[in-house]
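K.L.:
Submitted below is the structure of interest, expressed as structure tokens.
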Amino acid sequence: MERPRHQSMAKNTSMRWRLPLVCLLWEVAMIVLFGVFVRFGAEADAHWEEEKREMNLTSDIENDFYFRYPSFQDVHVMIFVGFGFLMTFLKRYGFGAVGFNFLLAAFGIQWALLMQGWFHSFKDGKILIGVENLINADFCVGSVCIAFGAILGKTSPIQLLVMTLFQVTLFSVNEYILLNLLHVKDAGGSMTIHTFGAYFGLTVTRILYRPNLEQSKDKQGSVYHSDLFAMIGTLYLWMYWPSFNSAISEHGDAQHRSAINTYCSLAACVLTTMAFSSMLQKKGKLDMVHIQNATLAGGVAVGTSAEMMLTPYGSLIVGSISGIVSTVGYVYFTPFLESRLHIQDTCGIHNLHAMPGLIGGIVGAITAAAATEDVYGKEGFIKAFDFTGAYQTRTPSIQGGFQAAGIVVSLLMAFAGGAIVGGILKLPIWGDAAAENCFEDDVYWEVPEDEESDVYHMHNPDKPASP
Amino acid sequence: MERPRHQSMAKNTSMRWRLPLVCLLWEVAMIVLFGVFVRFGAEADAHWEEEKREMNLTSDIENDFYFRYPSFQDVHVMIFVGFGFLMTFLKRYGFGAVGFNFLLAAFGIQWALLMQGWFHSFKDGKILIGVENLINADFCVGSVCIAFGAILGKTSPIQLLVMTLFQVTLFSVNEYILLNLLHVKDAGGSMTIHTFGAYFGLTVTRILYRPNLEQSKDKQGSVYHSDLFAMIGTLYLWMYWPSFNSAISEHGDAQHRSAINTYCSLAACVLTTMAFSSMLQKKGKLDMVHIQNATLAGGVAVGTSAEMMLTPYGSLIVGSISGIVSTVGYVYFTPFLESRLHIQDTCGIHNLHAMPGLIGGIVGAITAAAATEDVYGKEGFIKAFDFTGAYQTRTPSIQGGFQAAGIVVSLLMAFAGGAIVGGILKLPIWGDAAAENCFEDDVYWEVPEDEESDVYHMHNPDKPASP
Amino acid sequence: MERPRHQSMAKNTSMRWRLPLVCLLWEVAMIVLFGVFVRFGAEADAHWEEEKREMNLTSDIENDFYFRYPSFQDVHVMIFVGFGFLMTFLKRYGFGAVGFNFLLAAFGIQWALLMQGWFHSFKDGKILIGVENLINADFCVGSVCIAFGAILGKTSPIQLLVMTLFQVTLFSVNEYILLNLLHVKDAGGSMTIHTFGAYFGLTVTRILYRPNLEQSKDKQGSVYHSDLFAMIGTLYLWMYWPSFNSAISEHGDAQHRSAINTYCSLAACVLTTMAFSSMLQKKGKLDMVHIQNATLAGGVAVGTSAEMMLTPYGSLIVGSISGIVSTVGYVYFTPFLESRLHIQDTCGIHNLHAMPGLIGGIVGAITAAAATEDVYGKEGFIKAFDFTGAYQTRTPSIQGGFQAAGIVVSLLMAFAGGAIVGGILKLPIWGDAAAENCFEDDVYWEVPEDEESDVYHMHNPDKPASP
């Protein structure tokens with residue numbers, strides 16, 4: 001059975017040759033570039049036995065794999081199940097949410113291994129990779145998943161792949177500026193992942209503004225079970241966020257501390273989110289949109305400072321505030337952004353990633369500026385901020401200044417990059433759907449004809465009934 | 001569209017000011033108490049480098065984080081996804097199941113960090129926390145999630161928060177009595193978590209008895225997809241239970257052994273559950289309620305003894321028996337409890353946690369009483385039961401007696417505490433729903449109007465059709 | 001309300017006495033055999049303290065538990081949630097998919113612990129188990145889950161248990177031949193798990209050919225939300241596959257390398273799957289069947305070689321090819337197999353496991369044959385292929401030959417074993433459903449009467465409406 005309304009589509013949304021071409025060409029490019037550049041790092045190479053002797057390691061357990069692999073897998077789940085399912089809340093865009101997130105992330109991690117590798121793991125003409133590179137690639141793609149949230153339901157898979165290509169590139173440049181040039185700490189990525197990713201995505205969706213989007217308004221909501229699917233995404237993001245923020249911290253106390261701070265922040269965030277969700281609704285009912293999203297703001301907002309001596313009560317404060325800001329954002333800012341600034345932000349990433357990301361950057365700057373040898377210990381102080389070599393003379397307040405500069409750089413990169421990429425995505429060659437077909441899987445997916453849609457037709461007498 | 005039936009609600013269920021007030025006040029209290037008391041433990045503090053030297057540790061991998069963090073994350077998933085989704089089986093209470101579980105657990109872990117911290121990690125006026133505290137906080141909250149199962153669908157979120165406050169407190173006292181005063185072993189919490197949590201919850205639901213609950217009988221069942229959502233909860237609980245029972249065991253063999261015993265017990269439990277589920281139904285059909293719940297009894301029932309030398313075949317026996325007891329409980333005891341004892345146990349926690357918890361306590365007492373130096377080795381024997389210091393002279397049979405005493409204490413605490421808390425929750429100020437609106441998300445949540453509910457109305461000619 | 005069509009069933013599908021009998025008898029057998037044979041290995045036994053001294057280990061972290069437990073848990077999730085939910089795509093067979101997978105896997109791991117234990121962990125009359133045995137038991141059961149995919153919806157739970165009993169036995173024999181007699185490397189099981197499991201299952205479904213299966217054609221499809229449930233299975237399999245392929249590799253570099261190779265292969269596989277899924281559909285729309293399945297072929301296809309020096313770009317190539325082969329298989333081979341060879345392969349395991357498994361075996365043979373001391377290092381070379389003792393003189397090319405022989409042996413075992421077991425399952429005593437009742441949970445499960453099915457009835461005027 002054919003759905004007649006799609007026969008009237010003005011735009012050609014067929015992916016038949018475009019999508020395969022892009023996927024296959026790019027995958028071939030990946031193979032060639034990996035062939036030229038990517039090799040195993042010392043800890044994953046079969047020469048490890050010799051390496052161990054050289055490094056005076058007595059046990060295989062000292063391999064970085066055992067320090068980071070469990071966290072890597074948690075991060076991996078966050079990217080693919082967490083972000084994927086979080087976006088299944090729309091009633092007829094579950095396939096696109098999970099499936100396109102899968103596609104862009106699978107491409108993005110390959111390209112990120114290269115881009116980040118050139119910047120950070122390049123040695124004698126080769127990129128040497130290990131488990132930390134896998135985590136960083138997942139992190140980089142996380143910023144694309146965030147941006148995807150802003151344009152969810154309004155773009156073709158090719159547009160998403162093009163955006164991924166550019167965003168991963170810009171992410172890596174921005175990350176290099178922050179971590180290497182400004183010597184900024186940002187283990188959980190409040191600035192590099194969330195602030196950059198969110199403002200990038202918001203700029204893109206602004207450029208792609210669709211004036212007639214209310215034509216697909218009936219599909220912009222959720223149904224009962226789609227909200228439950230989304231909660232799977234929410235909970236996996238929430239539960240594994242301590243792993244996210246601690247995954248690439250220094251071995252030992254830093255990883256341990258990051259996990260604890262994040263755990264505390266997220267717990268507090270749930271309570272303030274629930275409080276404001278209920279308070280801001282006339283009848284005091286809770287809104288699933290807030291529970292699905294704002295409860296996560298606490299993880300974003302300690303992304304920079306979690307590995308610092310933020311302390312558990314500091315984390316509770318940050319988490320509490322970010323939950324409030326995020327929930328208020330959903331109620332007041334999102335409609336404002338849409339009506340006044342023409343920013344159509346499908347998932348409300350401004351509330352979940354942009355504002356909490358900024359908070360995270362600021363909290364990180366303050367926490368760094370407030371650091372003392374007394375609190376960290378002499379060695380711990382140097383280790384925590386890597387005040388060695390060229391940075392031996394940096395003081396906490398100077399570090400705080402550089403941290404703040406990192407926020408500004410991330411914002412500028414996001415706006416500039418988003419504007420350029422948005423412009424590219426506006427070209428009429430990518431096969432995006434017409435406004436009335438947004439938020440509808442039927443455009444790019446073979447969708448089963450199920451009872452549910454029969455009912456749907458039945459209740460819409462203006463559409464022909466199913467046979 | 002408004003659902004008319006709720007306009008006729010006799011009770012005021014609006015949470016608009018009550019819920020935000022409780023959430024915000026309590027979160028502020030948490031911040032203040034954390035500020036006064038909670039600090040990082042030595043292994044999460046930036047002074048770790050000095051600590052390592054003092055403890056003669058040569059590697060960061062000796063940080064407790066690497067021994068326990070993977071298990072912690074598994075436990076975390078069990079609490080939030082496991083318990084949350086297990087309770088989504090009701091057709092119209094999925095938001096409440098996942099969302100309220102999220103709320104109470106997020107509050108509970110904060111309060112548990114304090115309560116358990118005062119009892120177990122208090123040093124020089126500060127509570128020093130590390131990954132083991134996070135696990136214990138999750139464990140403590142697990143007992144609240146269990147009690148939530150008994151009153152699922154019948155209470156307001158404020159009632160749940162009030163219950164959490166008291167139950168966490170009582171849990172911590174009971175745990176202190178068992179672990180410190182009676183010197184009882186209970187790593188997987190058969191007594192402290194399951195027996196206590198379940199009988200506490202059953203007592204609360206008895207006090208909150210609703211004589212007219214059959215008015216919402218049409219909503220007490222499942223629909224096809226809600227049963228599949230519940231299976232997500234079941235499977236995550238089932239798969240990660242070996243982590244649950246081993247998470248806080250001693251490093252090395254004890255963690256290893258706990259995981260193996262639990263794995264075996266759970267495997268056996270599935271087979272006996274399936275057997276009795278089929279046997280006890282007239283046509284031999286399997287019942288999802290049993291598969292969702294009774295298959296987990298094997299994890300509960302080895303909670304005390306898993307770290308002991310229960311042996312794999314011992315685990316199979318315990319798992320087999322608990323699967324049978326639990327399934328029989330669902331078929332015969334639950335209806336009996338409801339009709340005769342007026343205990344309305346929504347999720348059947350009596351079958352999944354109460355009886356298997358008792359079995360677990362008894363098996364633990366027997367296994368401890370039967371321990372010999374021959375089986376454990378001289379050092380292993382002392383290490384397994386911590387027969388050091390004041391307990392140097394304890395014999396296995398005395399230990400078995402104390403283990404048994406632990407069951408009794410847990411039961412008494414549960415009954416007494418449940419009665420008091422039940423009485424508090426009966427006050428008419430908490431905004432719980434009328435009997436005819438139980439098991440209905442619409443009371444406390446903004447629920448999307450989806451096709452499904454349109455159909456529902458269509459099939460209920462006594463209710464106005466949707467426009 | 002009774003569904004009338006099932007009253008007309010010609011076959012007796014009642015499980016009331018048969019299923020309980022099999023489950024209980026077999027569980028008793030497990031208890032007896034475990035009692036006689038199974039004990040804790042040295043690292044899980046309470047004598048560990050003495051063991052540590054003997055092995056000169058200074059820290060508990062050297063316990064194998066800490067090297068493998070996180071991977072074990074990931075594998076565990078793949079078997080129970082991964083395979084279970086992957087098969088929930090059918091509109092009315094979700095209970096059977098998740099529930100029967102649960103049942104057969106829970107039995108299978110017990111029997112596998114024994115079978116594999118006798119072959120590999122038998123010492124002084126006892127099977128000594130540790131975390132590696134748990135992983136291997138899960139692996140073994142994985143091959144049964146694969147075979148289950150071919151016969152999904154067409155067999156009774158007893159048939160599945162019988163198949164599990166035999167398949168686990170044959171798997172263990174085949175594994176022994178490959179790993180011990182041929183000294184073949186196959187850490188991720190391309191041959192032992194996937195090739196064997198898939199061709200075994202395909203042979204069984206061929207023997208059980210149902211000529212009238214089109215009578216249940218209306219139930220062989222998916223509905224919108226069942227496709228989303230299936231994506232949960234897909235993603236968990238995809239994300240955790242690096243753990244699967246690295247779980248039992250040697251400590252250190254081998255585990256590290258396996259994870260990286262698998263990560264790369266899977267990422268590439270997603271892109272080629274999407275490309276061909278779109279290309280092979282007239283309108284260029286993506287097909288969820290391909291996304292749910294073919295994206296995983298990359299994990300299967302590096303199962304043998306992942307722990308070798310396949311290199312990241314080699315992994316991308318293998319992943320790319322396997323995605324293409326698998327997708328093409330779904331479009332062209334599956335219909336061919338059904339119409340010409342009478343192989344009714346419900347989940348298309350031929351495309352996801354059989355062909356990629358063969359590719360994996362071949363790639364493994366080539367990678368082994370191409371190994372040099374230069375690439376692996378002198379020590380690494382010996383360690384990677386275990387060229388010690390009797391195998392000291394084996395050359396890479398000879399190893400390659402033995403690897404190839406491993407594929408042939410696995411195929412022969414699968415065909416012969418599948419034919420025998422298929423013959424046993426054809427006996428008319430197992431209570432399988434008639435053709436018109438296949439793919440229908442109602443046969444073996446108590447299914448809730450939900451709105452969905454009301455609608456279903458409404459749209460099927462030949463069936464009585466619900467009251």
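Every chain in the structure tokens takes a letter, A first, then B, and so on in the order presented; its residues are numbered from 1, and the ligands are numbered from 1 following the presented order.
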Please produce, as a tab-separated table, a per-residue contact table for chain C versus chain A (criterion: any atom at most 6 Å away, only C-alpha atoms considered), showing the nearest atom pair and its distance in Å to one decimal, sorted by chain then residue number.
P.N.:
```
residue	atom	partner	partner_atom	distance
C:Val223	CA	A:Asp450	CA	5.1
C:Gly252	CA	A:Asp60	CA	4.9
C:Asp253	CA	A:Ala44	CA	4.3
C:His256	CA	A:Ala44	CA	5.1
C:Arg257	CA	A:Ala44	CA	4.7
C:Ala267	CA	A:Ala106	CA	4.7
C:Leu271	CA	A:Cys23	CA	5.5
C:Ala275	CA	A:Pro20	CA	3.8
C:Ser278	CA	A:Arg16	CA	5.4
C:Met279	CA	A:Arg16	CA	5.0
C:Lys283	CA	A:Ser14	CA	5.9
C:Gly284	CA	A:Arg16	CA	3.6
C:Lys285	CA	A:Trp445	CA	4.8
C:Leu286	CA	A:Trp445	CA	4.7
C:Asp287	CA	A:Glu446	CA	5.4
C:Tyr313	CA	A:Phe34	CA	5.1
C:Tyr376	CA	A:Ala46	CA	4.9
C:Gly377	CA	A:His47	CA	5.2
C:Gly380	CA	A:Ala46	CA	5.0
```
K.L.:
Could you save those same residues with all heavy atoms as a compact mmCIF listing (two decimals), in the first residue's frame?
P.N.:
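Now in out_11.txt:
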```
# COMPACT_ATOMS: atom_id res chain seq x y z
N VAL C 223 6.07 -4.64 12.97
CA VAL C 223 5.33 -3.39 13.10
C VAL C 223 6.34 -2.33 13.53
O VAL C 223 7.48 -2.64 13.85
CB VAL C 223 4.16 -3.48 14.10
CG1 VAL C 223 3.06 -4.38 13.56
CG2 VAL C 223 4.65 -3.96 15.45
N GLY C 252 46.75 -8.39 27.63
CA GLY C 252 47.63 -7.36 27.09
C GLY C 252 47.31 -6.97 25.66
O GLY C 252 46.15 -6.68 25.33
N ASP C 253 48.32 -6.97 24.83
CA ASP C 253 48.16 -6.46 23.47
C ASP C 253 47.09 -7.19 22.67
O ASP C 253 46.39 -6.58 21.86
CB ASP C 253 49.50 -6.51 22.73
CG ASP C 253 50.04 -7.93 22.64
OD1 ASP C 253 50.23 -8.55 23.70
OD2 ASP C 253 50.28 -8.41 21.52
N HIS C 256 43.68 -5.92 23.52
CA HIS C 256 43.65 -4.53 23.06
C HIS C 256 43.44 -4.47 21.53
O HIS C 256 42.58 -3.75 21.02
CB HIS C 256 44.97 -3.86 23.46
CG HIS C 256 44.92 -2.38 23.56
ND1 HIS C 256 45.72 -1.66 24.41
CD2 HIS C 256 44.16 -1.44 22.93
CE1 HIS C 256 45.47 -0.37 24.28
NE2 HIS C 256 44.54 -0.22 23.40
N ARG C 257 44.24 -5.26 20.84
CA ARG C 257 44.22 -5.26 19.37
C ARG C 257 42.88 -5.79 18.83
O ARG C 257 42.32 -5.24 17.89
CB ARG C 257 45.36 -6.15 18.88
CG ARG C 257 45.66 -6.06 17.42
CD ARG C 257 47.04 -6.62 17.14
NE ARG C 257 47.24 -7.98 17.60
CZ ARG C 257 48.12 -8.37 18.53
NH1 ARG C 257 48.90 -7.49 19.11
NH2 ARG C 257 48.23 -9.64 18.87
N ALA C 267 32.52 -0.37 12.13
CA ALA C 267 32.21 0.98 11.66
C ALA C 267 32.10 0.99 10.14
O ALA C 267 31.15 1.57 9.57
CB ALA C 267 33.29 1.95 12.13
N LEU C 271 28.52 1.57 6.95
CA LEU C 271 28.43 2.41 5.75
C LEU C 271 28.11 1.60 4.50
O LEU C 271 27.26 2.00 3.70
CB LEU C 271 29.73 3.20 5.55
CG LEU C 271 29.63 4.58 6.20
CD1 LEU C 271 30.00 4.52 7.65
CD2 LEU C 271 30.44 5.60 5.45
N ALA C 275 24.71 1.79 2.22
CA ALA C 275 24.84 2.05 0.78
C ALA C 275 24.06 1.02 -0.02
O ALA C 275 23.24 1.37 -0.88
CB ALA C 275 26.31 2.02 0.38
N SER C 278 20.13 1.00 0.41
CA SER C 278 19.48 2.04 -0.38
C SER C 278 19.55 1.71 -1.87
O SER C 278 18.57 1.88 -2.60
CB SER C 278 20.16 3.38 -0.09
OG SER C 278 19.70 4.38 -0.95
N MET C 279 20.68 1.23 -2.31
CA MET C 279 20.90 0.99 -3.74
C MET C 279 20.00 -0.10 -4.28
O MET C 279 19.54 -0.04 -5.42
CB MET C 279 22.36 0.59 -3.93
CG MET C 279 22.86 0.72 -5.35
SD MET C 279 24.44 -0.14 -5.50
CE MET C 279 25.49 0.84 -4.46
N LYS C 283 13.13 2.65 -4.72
CA LYS C 283 13.04 4.07 -4.40
C LYS C 283 14.19 4.56 -3.54
O LYS C 283 14.15 5.68 -3.01
CB LYS C 283 11.72 4.34 -3.69
CG LYS C 283 10.52 4.04 -4.54
CD LYS C 283 9.28 4.54 -3.86
CE LYS C 283 8.11 4.48 -4.83
NZ LYS C 283 6.89 5.02 -4.21
N GLY C 284 15.17 3.70 -3.32
CA GLY C 284 16.32 4.13 -2.54
C GLY C 284 16.06 4.22 -1.05
O GLY C 284 16.85 4.84 -0.32
N LYS C 285 14.97 3.64 -0.58
CA LYS C 285 14.68 3.69 0.85
C LYS C 285 15.47 2.63 1.60
O LYS C 285 15.68 1.52 1.11
CB LYS C 285 13.19 3.50 1.10
CG LYS C 285 12.34 4.64 0.60
CD LYS C 285 10.90 4.48 1.06
CE LYS C 285 10.02 5.57 0.47
NZ LYS C 285 8.62 5.46 0.94
N LEU C 286 15.84 2.96 2.82
CA LEU C 286 16.58 2.01 3.66
C LEU C 286 15.62 0.98 4.24
O LEU C 286 14.47 1.28 4.56
CB LEU C 286 17.28 2.77 4.78
CG LEU C 286 18.36 3.74 4.31
CD1 LEU C 286 18.72 4.72 5.41
CD2 LEU C 286 19.60 2.99 3.85
N ASP C 287 16.14 -0.23 4.41
CA ASP C 287 15.33 -1.33 4.92
C ASP C 287 15.84 -1.71 6.31
O ASP C 287 17.00 -2.04 6.49
CB ASP C 287 15.45 -2.52 3.96
CG ASP C 287 14.49 -3.63 4.29
OD1 ASP C 287 14.17 -3.81 5.49
OD2 ASP C 287 14.05 -4.33 3.37
N TYR C 313 43.31 -0.81 8.83
CA TYR C 313 42.77 -0.69 7.47
C TYR C 313 42.34 -2.04 6.94
O TYR C 313 41.35 -2.14 6.20
CB TYR C 313 43.76 0.01 6.52
CG TYR C 313 44.97 -0.81 6.13
CD1 TYR C 313 44.95 -1.63 5.01
CD2 TYR C 313 46.14 -0.74 6.86
CE1 TYR C 313 46.06 -2.38 4.65
CE2 TYR C 313 47.26 -1.49 6.52
CZ TYR C 313 47.21 -2.31 5.41
OH TYR C 313 48.31 -3.05 5.06
N TYR C 376 55.21 -9.13 13.85
CA TYR C 376 54.79 -9.47 15.21
C TYR C 376 55.89 -9.31 16.24
O TYR C 376 55.60 -9.28 17.44
CB TYR C 376 54.29 -10.93 15.25
CG TYR C 376 52.94 -11.14 14.61
CD1 TYR C 376 52.81 -11.17 13.22
CD2 TYR C 376 51.80 -11.29 15.38
CE1 TYR C 376 51.58 -11.37 12.62
CE2 TYR C 376 50.55 -11.50 14.80
CZ TYR C 376 50.45 -11.53 13.41
OH TYR C 376 49.24 -11.72 12.84
N GLY C 377 57.13 -9.23 15.80
CA GLY C 377 58.23 -9.32 16.77
C GLY C 377 58.46 -10.78 17.10
O GLY C 377 57.53 -11.59 17.02
N GLY C 380 56.34 -11.82 20.10
CA GLY C 380 54.94 -11.63 19.77
C GLY C 380 54.43 -12.67 18.79
O GLY C 380 53.30 -13.14 18.89
```
K.L.:
Using only C-alpha atoms, determine which residues lie at most 9 Å from C:Leu310, disregarding the query and same-chain residues fewer than 3 positions distant; provide the list as a list in words.
P.N.:
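Result of the neighbour search: Arg257, Asn261, Val302, Ser305, Ala306, Glu307, Tyr313, Gly314, Ser315, Val363, Gly364 and Thr367 of chain C.
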K.L.:
To one decimal place, how far is atom CA of C:Gln255 from atom CA of A:Ser172 in Å?
P.N.:
27.9 Å
K.L.:
From the options B:Leu235, B:Leu57, B:Ser156, B:Gly357, which residue's atoms come nearest to B:Val408, counting only C-alpha atoms?
P.N.:
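Closest residue, counting only C-alpha atoms: B:Gly357.
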K.L.:
Near B:Ala187, within 8 Å and counting only C-alpha atoms, which residues show up once chain neighbours fewer than 2 positions away are dropped, as an NGL selection string?
P.N.:
:B and (185 or 189 or 245-249 or 303-304 or 307)
K.L.:
I need the chosen residues saved as a tab-separated table (two decimals), in the first residue's frame, with N, CA and C atoms.
P.N.:
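And here's out10.tsv as it stands now:
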```tsv
chain	number	residue	atom	x	y	z
B	185	LYS	N	27.94	-11.44	57.45
B	185	LYS	CA	28.32	-11.26	56.05
B	185	LYS	C	27.06	-11.18	55.18
B	189	GLY	N	23.35	-8.68	49.89
B	189	GLY	CA	22.19	-8.08	50.52
B	189	GLY	C	20.91	-8.89	50.57
B	245	ASN	N	26.11	-9.04	43.27
B	245	ASN	CA	26.51	-9.84	44.43
B	245	ASN	C	28.01	-9.81	44.68
B	246	SER	N	28.80	-9.41	43.67
B	246	SER	CA	30.25	-9.41	43.86
B	246	SER	C	30.84	-8.01	44.02
B	247	ALA	N	29.98	-6.98	43.88
B	247	ALA	CA	30.52	-5.62	43.77
B	247	ALA	C	31.32	-5.18	44.99
B	248	ILE	N	30.88	-5.56	46.18
B	248	ILE	CA	31.60	-5.09	47.37
B	248	ILE	C	32.29	-6.22	48.12
B	249	SER	N	32.40	-7.37	47.49
B	249	SER	CA	33.17	-8.45	48.11
B	249	SER	C	34.63	-8.06	48.14
B	303	GLY	N	22.33	-14.01	47.59
B	303	GLY	CA	22.91	-12.72	47.93
B	303	GLY	C	23.84	-12.75	49.13
B	304	THR	N	23.53	-13.58	50.09
B	304	THR	CA	24.40	-13.67	51.27
B	304	THR	C	25.56	-14.64	51.05
B	307	GLU	N	29.49	-15.08	48.01
B	307	GLU	CA	30.94	-14.91	48.19
B	307	GLU	C	31.55	-16.01	49.05
```
K.L.:
For each of B:Asn212, B:Gln392, B:Thr234, B:Ser326, take the minimum atom-to-atom distance to B:Gly82, counting only C-alpha atoms, then give the residue where this is smallest.
P.N.:
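Smallest distance to B:Gly82 is found for B:Thr234.
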K.L.:
Would you mind writing down, as a list in words, each residue of stretch 85-275 of chain B that DSSP on the backbone assigns to strand (DSSP E)?
P.N.:
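Here is the list: Phe122, Lys123, Lys126, Ile127, Leu128 and Ile129 of chain B.
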K.L.:
Given the selection you just returned, output its residues as a file containing N, CA, C and O atoms, formatted as a PDB file, in the first residue's frame.
P.N.:
```
ATOM      1  N   PHE B 122      33.179   7.483  58.334  1.00  0.00           N
ATOM      2  CA  PHE B 122      33.324   8.727  59.067  1.00  0.00           C
ATOM      3  C   PHE B 122      34.693   8.782  59.723  1.00  0.00           C
ATOM      4  O   PHE B 122      35.090   7.891  60.473  1.00  0.00           O
ATOM      5  N   LYS B 123      35.446   9.832  59.433  1.00  0.00           N
ATOM      6  CA  LYS B 123      36.809   9.935  59.964  1.00  0.00           C
ATOM      7  C   LYS B 123      37.124  11.396  60.202  1.00  0.00           C
ATOM      8  O   LYS B 123      37.007  12.219  59.283  1.00  0.00           O
ATOM      9  N   LYS B 126      34.619  13.934  58.968  1.00  0.00           N
ATOM     10  CA  LYS B 126      34.254  13.968  57.549  1.00  0.00           C
ATOM     11  C   LYS B 126      33.888  12.569  57.055  1.00  0.00           C
ATOM     12  O   LYS B 126      34.435  11.566  57.526  1.00  0.00           O
ATOM     13  N   ILE B 127      32.980  12.534  56.111  1.00  0.00           N
ATOM     14  CA  ILE B 127      32.678  11.289  55.405  1.00  0.00           C
ATOM     15  C   ILE B 127      33.577  11.251  54.175  1.00  0.00           C
ATOM     16  O   ILE B 127      33.512  12.141  53.324  1.00  0.00           O
ATOM     17  N   LEU B 128      34.417  10.219  54.088  1.00  0.00           N
ATOM     18  CA  LEU B 128      35.343  10.127  52.960  1.00  0.00           C
ATOM     19  C   LEU B 128      34.823   9.096  51.967  1.00  0.00           C
ATOM     20  O   LEU B 128      34.700   7.918  52.293  1.00  0.00           O
ATOM     21  N   ILE B 129      34.492   9.545  50.747  1.00  0.00           N
ATOM     22  CA  ILE B 129      33.826   8.627  49.824  1.00  0.00           C
ATOM     23  C   ILE B 129      34.712   8.214  48.645  1.00  0.00           C
ATOM     24  O   ILE B 129      35.610   8.938  48.224  1.00  0.00           O
TER      25      ILE B 129
END
```
K.L.:
Excluding B:Tyr199 and residues on its chain fewer than 3 positions from it, collect all residues at most 9 Å away from it, counting only C-alpha atoms, and give them as a count of residues only.
P.N.:
16
K.L.:
Name the residues of stretch 153-238 of chain C that come out as alpha helix (DSSP H) in a backbone DSSP run; write them as a PyMOL selection string.
P.N.:
chain C and resi 157-176+196-207+224-238
K.L.:
Leaving out C:Ile321 and any residue of its chain fewer than 2 positions from it, which residues lie within 10 Å of it when counting only C-alpha atoms, given as a list in words?
P.N.:
Ser265, Ala268, Cys269, Thr272, Thr273, Ala297, Gly298, Ala301, Ser315, Leu316, Ile317, Val318, Gly319, Gly323, Ile324, Val325, Ser326, Pro356 and Ile359 of chain C
K.L.:
Which residues, written as a list in words, have at least one atom at most 10 Å from C:Gly423, with only C-alpha atoms counted and residues fewer than 3 positions away on the same chain left out?
P.N.:
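Contacts, in chain order: Val204, Ile207, Leu208, Gly417, Gly418, Ala419, Ile420, Lys426 and Leu427 of chain C.
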K.L.:
My list of candidates is A:Lys11, A:Lys154, A:Arg340, A:His251. Which is closest to A:Phe67 when distances are computed with only C-alpha atoms?
P.N.:
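Looking only at the distances to A:Phe67, the closest residue turns out to be A:His251.
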K.L.:
Please report the interatomic distance between atom CA of B:Gln281 and atom CA of C:Tyr93 in Å with one decimal.
P.N.:
19.9 Å
